[in-house]
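For reference, final-v6.cif is printed below; it contains mmCIF, C-alpha atoms.
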```cif
data_structure
loop_
_atom_site.label_atom_id
_atom_site.label_comp_id
_atom_site.auth_asym_id
_atom_site.auth_seq_id
_atom_site.Cartn_x
_atom_site.Cartn_y
_atom_site.Cartn_z
CA MET A 1 -3.62 7.97 12.71
CA ASP A 2 -4.41 4.73 14.49
CA VAL A 3 -1.47 2.38 15.13
CA VAL A 4 -2.13 -1.36 15.44
CA GLU A 5 0.57 -3.90 16.34
CA LEU A 6 0.20 -6.93 14.05
CA LEU A 7 3.50 -8.61 14.93
CA SER A 8 6.41 -7.52 17.12
CA ARG A 9 8.08 -6.11 13.96
CA LEU A 10 4.98 -4.98 12.05
CA ARG A 11 2.56 -2.10 12.63
CA LEU A 12 -0.54 -1.04 10.73
CA LEU A 13 -0.90 2.76 10.40
CA ARG A 14 -4.56 3.52 9.65
CA PHE A 15 -5.85 6.84 8.28
CA PRO A 16 -9.42 8.05 7.58
CA VAL A 17 -8.78 6.96 3.97
CA GLY A 18 -6.07 4.39 3.33
CA GLN A 19 -3.42 2.83 5.46
CA ALA A 20 0.28 2.11 5.56
CA TYR A 21 2.49 -0.41 7.32
CA LEU A 22 5.74 -0.09 9.21
CA TRP A 23 8.17 -3.04 9.07
CA ARG A 24 11.09 -3.15 11.53
CA ASP A 25 14.15 -5.25 10.74
CA GLY A 26 16.79 -4.85 13.42
CA ASP A 27 17.45 -1.13 13.85
CA GLU A 28 15.94 -0.25 10.43
CA VAL A 29 12.30 0.48 9.72
CA THR A 30 10.56 0.62 6.36
CA PRO A 31 7.26 2.42 5.88
CA ILE A 32 5.23 0.59 3.26
CA ASP A 33 3.06 3.23 1.59
CA ALA A 34 2.80 6.81 2.77
CA GLY A 35 -0.92 7.49 3.08
CA PRO A 36 -2.70 10.43 1.48
CA ALA A 37 -1.26 13.94 1.23
CA GLY A 38 -0.75 15.39 4.69
CA CYS A 39 0.11 12.06 6.34
CA GLY A 40 3.82 12.03 5.47
CA ALA A 41 4.95 13.91 8.57
CA ARG A 42 3.12 11.54 10.93
CA ILE A 43 4.53 8.49 9.14
CA ALA A 44 8.07 9.91 9.16
CA ALA A 45 7.89 10.82 12.87
CA PHE A 46 6.51 7.42 13.86
CA ALA A 47 9.07 5.63 11.69
CA ARG A 48 12.04 7.67 12.99
CA ALA A 49 10.96 6.95 16.57
CA ALA A 50 11.09 3.22 15.77
CA GLY A 51 14.54 3.17 14.14
CA ARG A 52 16.64 4.25 11.16
CA VAL A 53 14.60 4.80 8.00
CA ARG A 54 16.44 4.09 4.73
CA ARG A 55 13.49 3.79 2.37
CA VAL A 56 9.75 4.25 1.96
CA VAL A 57 8.31 1.52 -0.28
CA LEU A 58 5.19 2.35 -2.31
CA THR A 59 2.91 -0.47 -3.39
CA HIS A 60 1.34 1.66 -6.13
CA PHE A 61 0.69 5.25 -7.22
CA HIS A 62 -2.85 5.84 -5.90
CA GLU A 63 -3.18 9.04 -3.85
CA ASP A 64 -4.23 7.21 -0.67
CA HIS A 65 -1.01 5.13 -0.79
CA ALA A 66 1.54 7.55 -2.26
CA GLY A 67 0.15 11.03 -1.56
CA GLY A 68 2.40 11.59 1.46
CA ALA A 69 5.48 9.98 -0.10
CA ALA A 70 7.47 13.15 -0.81
CA GLU A 71 6.96 14.48 2.71
CA ALA A 72 7.58 11.14 4.42
CA GLY A 73 10.75 10.50 2.43
CA ALA A 74 12.14 14.01 2.93
CA LEU A 75 11.40 14.18 6.66
CA ALA A 76 12.68 10.66 7.34
CA GLY A 77 15.79 11.24 5.21
CA ALA A 78 14.77 8.20 3.20
CA GLU A 79 14.69 7.10 -0.40
CA VAL A 80 11.21 6.58 -1.89
CA VAL A 81 10.97 3.33 -3.87
CA ALA A 82 8.23 2.50 -6.39
CA HIS A 83 7.66 0.20 -9.34
CA ALA A 84 9.04 1.61 -12.60
CA LEU A 85 5.49 1.97 -13.99
CA ASP A 86 4.27 3.88 -10.92
CA ALA A 87 7.29 6.16 -10.44
CA PRO A 88 6.43 8.72 -13.19
CA VAL A 89 2.98 9.23 -11.61
CA VAL A 90 4.41 9.67 -8.10
CA ARG A 91 7.04 12.07 -9.47
CA GLY A 92 4.25 14.13 -11.07
CA GLU A 93 5.52 13.58 -14.61
CA VAL A 94 2.33 11.96 -15.90
CA PRO A 95 -1.21 11.52 -14.59
CA GLY A 96 -2.22 8.08 -13.44
CA PRO A 97 -4.71 6.15 -15.51
CA PRO A 98 -8.31 6.30 -14.31
CA PRO A 99 -9.35 3.29 -12.25
CA ALA A 100 -11.21 0.45 -13.98
CA LEU A 101 -14.07 -0.02 -11.54
CA GLU A 102 -16.91 -2.50 -11.50
CA GLU A 103 -20.34 -1.03 -10.83
CA ARG A 104 -20.34 -2.27 -7.22
CA GLU A 105 -17.00 -0.49 -6.59
CA ARG A 106 -18.07 2.97 -7.83
CA PRO A 107 -19.83 4.13 -4.62
CA LEU A 108 -16.84 3.06 -2.49
CA HIS A 109 -14.43 4.92 -4.77
CA GLU A 110 -16.57 8.07 -4.80
CA ASP A 111 -16.82 8.02 -1.00
CA ALA A 112 -13.04 7.62 -0.66
CA LEU A 113 -12.43 10.54 -3.04
CA ARG A 114 -14.72 12.77 -0.94
CA ARG A 115 -12.71 11.94 2.19
CA LEU A 116 -9.23 12.42 0.71
CA PRO A 117 -7.59 15.75 1.52
CA PRO A 118 -7.35 18.14 -1.42
CA GLY A 119 -4.17 18.21 -3.45
CA GLY A 120 -3.58 14.56 -4.27
CA PHE A 121 0.18 14.51 -3.64
CA ASP A 122 2.18 16.67 -1.21
CA ARG A 123 4.53 17.50 -4.08
CA PRO A 124 6.25 15.35 -6.68
CA ALA A 125 8.50 12.88 -4.90
CA ARG A 126 12.01 11.83 -5.85
CA VAL A 127 11.45 8.19 -6.56
CA THR A 128 13.84 5.33 -7.23
CA GLU A 129 12.32 2.87 -9.66
CA VAL A 130 12.24 -0.81 -8.80
CA VAL A 131 10.88 -3.43 -11.16
CA ASP A 132 9.81 -6.09 -8.65
CA ALA A 133 8.72 -3.94 -5.70
CA VAL A 134 5.50 -5.92 -5.26
CA ALA A 135 5.07 -9.64 -5.83
CA PRO A 136 2.30 -10.90 -8.13
CA PHE A 137 -0.82 -12.24 -6.41
CA GLY A 138 0.04 -15.89 -7.02
CA ARG A 139 3.43 -15.78 -5.29
CA PRO A 140 2.11 -14.66 -1.87
CA ALA A 141 -0.68 -17.27 -2.16
CA ALA A 142 1.95 -20.01 -2.42
CA LEU A 143 3.50 -19.07 0.93
CA ASP A 144 2.65 -20.65 4.26
CA THR A 145 2.15 -17.43 6.17
CA GLU A 146 0.09 -16.30 9.12
CA VAL A 147 -0.24 -12.56 8.34
CA ALA A 148 -1.03 -10.77 5.07
CA CYS A 149 -1.03 -6.98 4.87
CA ILE A 150 -3.84 -5.72 2.66
CA GLY A 151 -3.90 -2.26 1.07
CA HIS A 152 -7.53 -1.64 2.03
CA GLY A 153 -9.47 -3.18 4.86
CA ASP A 154 -8.15 -5.21 7.72
CA PRO A 155 -5.02 -7.33 7.41
CA VAL A 156 -5.38 -11.10 7.57
CA THR A 157 -3.87 -12.03 10.93
CA ALA A 158 -4.37 -15.82 11.01
CA TRP A 159 -3.98 -18.55 8.39
CA ALA A 160 -3.19 -15.93 5.74
CA GLY A 161 -1.71 -18.50 3.34
CA ASP A 162 -5.00 -20.42 3.28
CA VAL A 163 -6.99 -17.21 2.85
CA LEU A 164 -4.76 -16.05 -0.03
CA ARG A 165 -5.02 -19.43 -1.78
CA ALA A 166 -8.82 -19.33 -1.53
CA ALA A 167 -8.85 -15.75 -2.84
CA ALA A 168 -6.57 -16.75 -5.75
CA ARG A 169 -8.95 -19.61 -6.68
CA THR A 170 -11.95 -17.25 -6.53
CA TYR A 171 -10.12 -14.65 -8.62
CA ALA A 172 -9.16 -17.24 -11.24
CA ALA A 173 -12.76 -18.51 -11.43
CA HIS A 174 -14.08 -14.94 -11.75
CA ARG A 175 -11.62 -14.20 -14.57
CA ALA A 176 -12.62 -17.41 -16.37
CA VAL A 177 -16.30 -16.47 -16.19
CA SER A 178 -15.54 -12.92 -17.35
CA ALA A 179 -13.49 -14.24 -20.29
CA ASP A 180 -16.42 -16.41 -21.40
CA ARG A 181 -18.74 -13.40 -21.67
#
```
Output the file's structure in the form of structure tokens.
Amino acid sequence: MDVVELLSRLRLLRFPVGQAYLWRDGDEVTPIDAGPAGCGARIAAFARAAGRVRRVVLTHFHEDHAGGAAEAGALAGAEVVAHALDAPVVRGEVPGPPPALEERERPLHEDALRRLPPGGFDRPARVTEVVDAVAPFGRPAALDTEVACIGHGDPVTAWAGDVLRAAARTYAAHRAVSADR
């Protein structure tokens, strides 16, 4: 696991597939995502060394973000928090829906699946459901912020508000073109 300091209170935890973040607020730390299965112990150890861990927040149910959630939560003595629609998948109650990929995304997805450790999830996690765990795309774009943490790829570390607004405009234009087809 590579650890990158983004801000004095924010670290990027990078894995061979996927990444997580660690947010420190006073003496409390919050892991955001838990990496793929097998990464939970490293996340929990790093988080505990940085402060008191009360919760692990999952952005969504994909294996590379939530696979280590059960282990990270148990070892850190922390609650695992996910959106109400993602929680049943993370708990192992239902399978997640297959991804809706564009043709250009298929090779990237297949490569990521080859590099994920076997098993998907460490074990079903005890998850507290939260309705608004993650803000819609438009809300972050409206903020004047310097840093934006991205689920895949590098975080935006300068002028993030401008970058998010440009991405929101591009996304809206793409959806308009797609709707016309």
Sorted by chain and rising residue number, list the residues of region 74-118 of chain A at most 12 Å from region 16-22 of chain A (counting only C-alpha atoms), each with its closest atom pair and distance in Å to one decimal, as CSV.
```
residue,atom,partner,partner_atom,distance
A:Leu108,CA,A:Val17,CA,11.0
A:His109,CA,A:Val17,CA,10.6
A:Glu110,CA,A:Val17,CA,11.8
A:Asp111,CA,A:Val17,CA,9.5
A:Ala112,CA,A:Val17,CA,6.3
A:Leu113,CA,A:Val17,CA,8.7
A:Arg114,CA,A:Val17,CA,9.7
A:Arg115,CA,A:Val17,CA,6.6
A:Leu116,CA,A:Val17,CA,6.4
A:Pro117,CA,A:Val17,CA,9.2
```
Contacts of Glu79 (chain A) at 12 Å or less, counting all atoms listed in the file, minus same-chain residues fewer than 3 places along, as a ChimeraX atom specification?
/A:30-31,44,53-58,69-76,82,125-130
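For the pair CA of Pro99 (chain A) and CA of His152 (chain A), the separation is 15.2 Å.
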Please evaluate the PyMOL selection byres ((chain A and resi 62) around 10) against the structure above and give the resulting residues as a PyMOL selection string.
chain A and resi 18+33+35-36+58-61+63-67+86+89-90+96-97+99+120-121
Distance CA of Asp2 (chain A)-CA of Leu164 (chain A), one decimal place?
25.4 Å
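The interatomic distance for the pair CA of Asp25 (chain A) and CA of Leu6 (chain A) works out to 14.4 Å.
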Selection near Arg52 (chain A), 9 Å with all atoms listed in the file, sequence-local residues under 4 positions removed, as an MDAnalysis selection string:
chainID A and resid 27:30 47:48 76
Region 157-160 of chain A surroundings by all atoms listed in the file, 9 Å radius, close-in-sequence under 3 positions cut, as a list of chain:residue names
A:Leu6, A:Ala141, A:Leu143, A:Asp144, A:Thr145, A:Glu146, A:Val147, A:Ala148, A:Cys149, A:Asp154, A:Val163, A:Leu164, A:Arg165
Please write out, as AutoDock Vina command-line options, where the centre of an axis-aligned box around all listed atoms of region 106-117 of chain A lies and how long its edges are, in Å to one decimal, after adding 3 Å on each side.
```
--center_x -13.7 --center_y 9.4 --center_z -2.8 --size_x 18.2 --size_y 18.8 --size_z 16.0
```
The PyMOL selection byres ((chain A and resi 10) around 9) on the file shown: which residues, as a ChimeraX atom specification?
/A:4-9,11-12,21-24
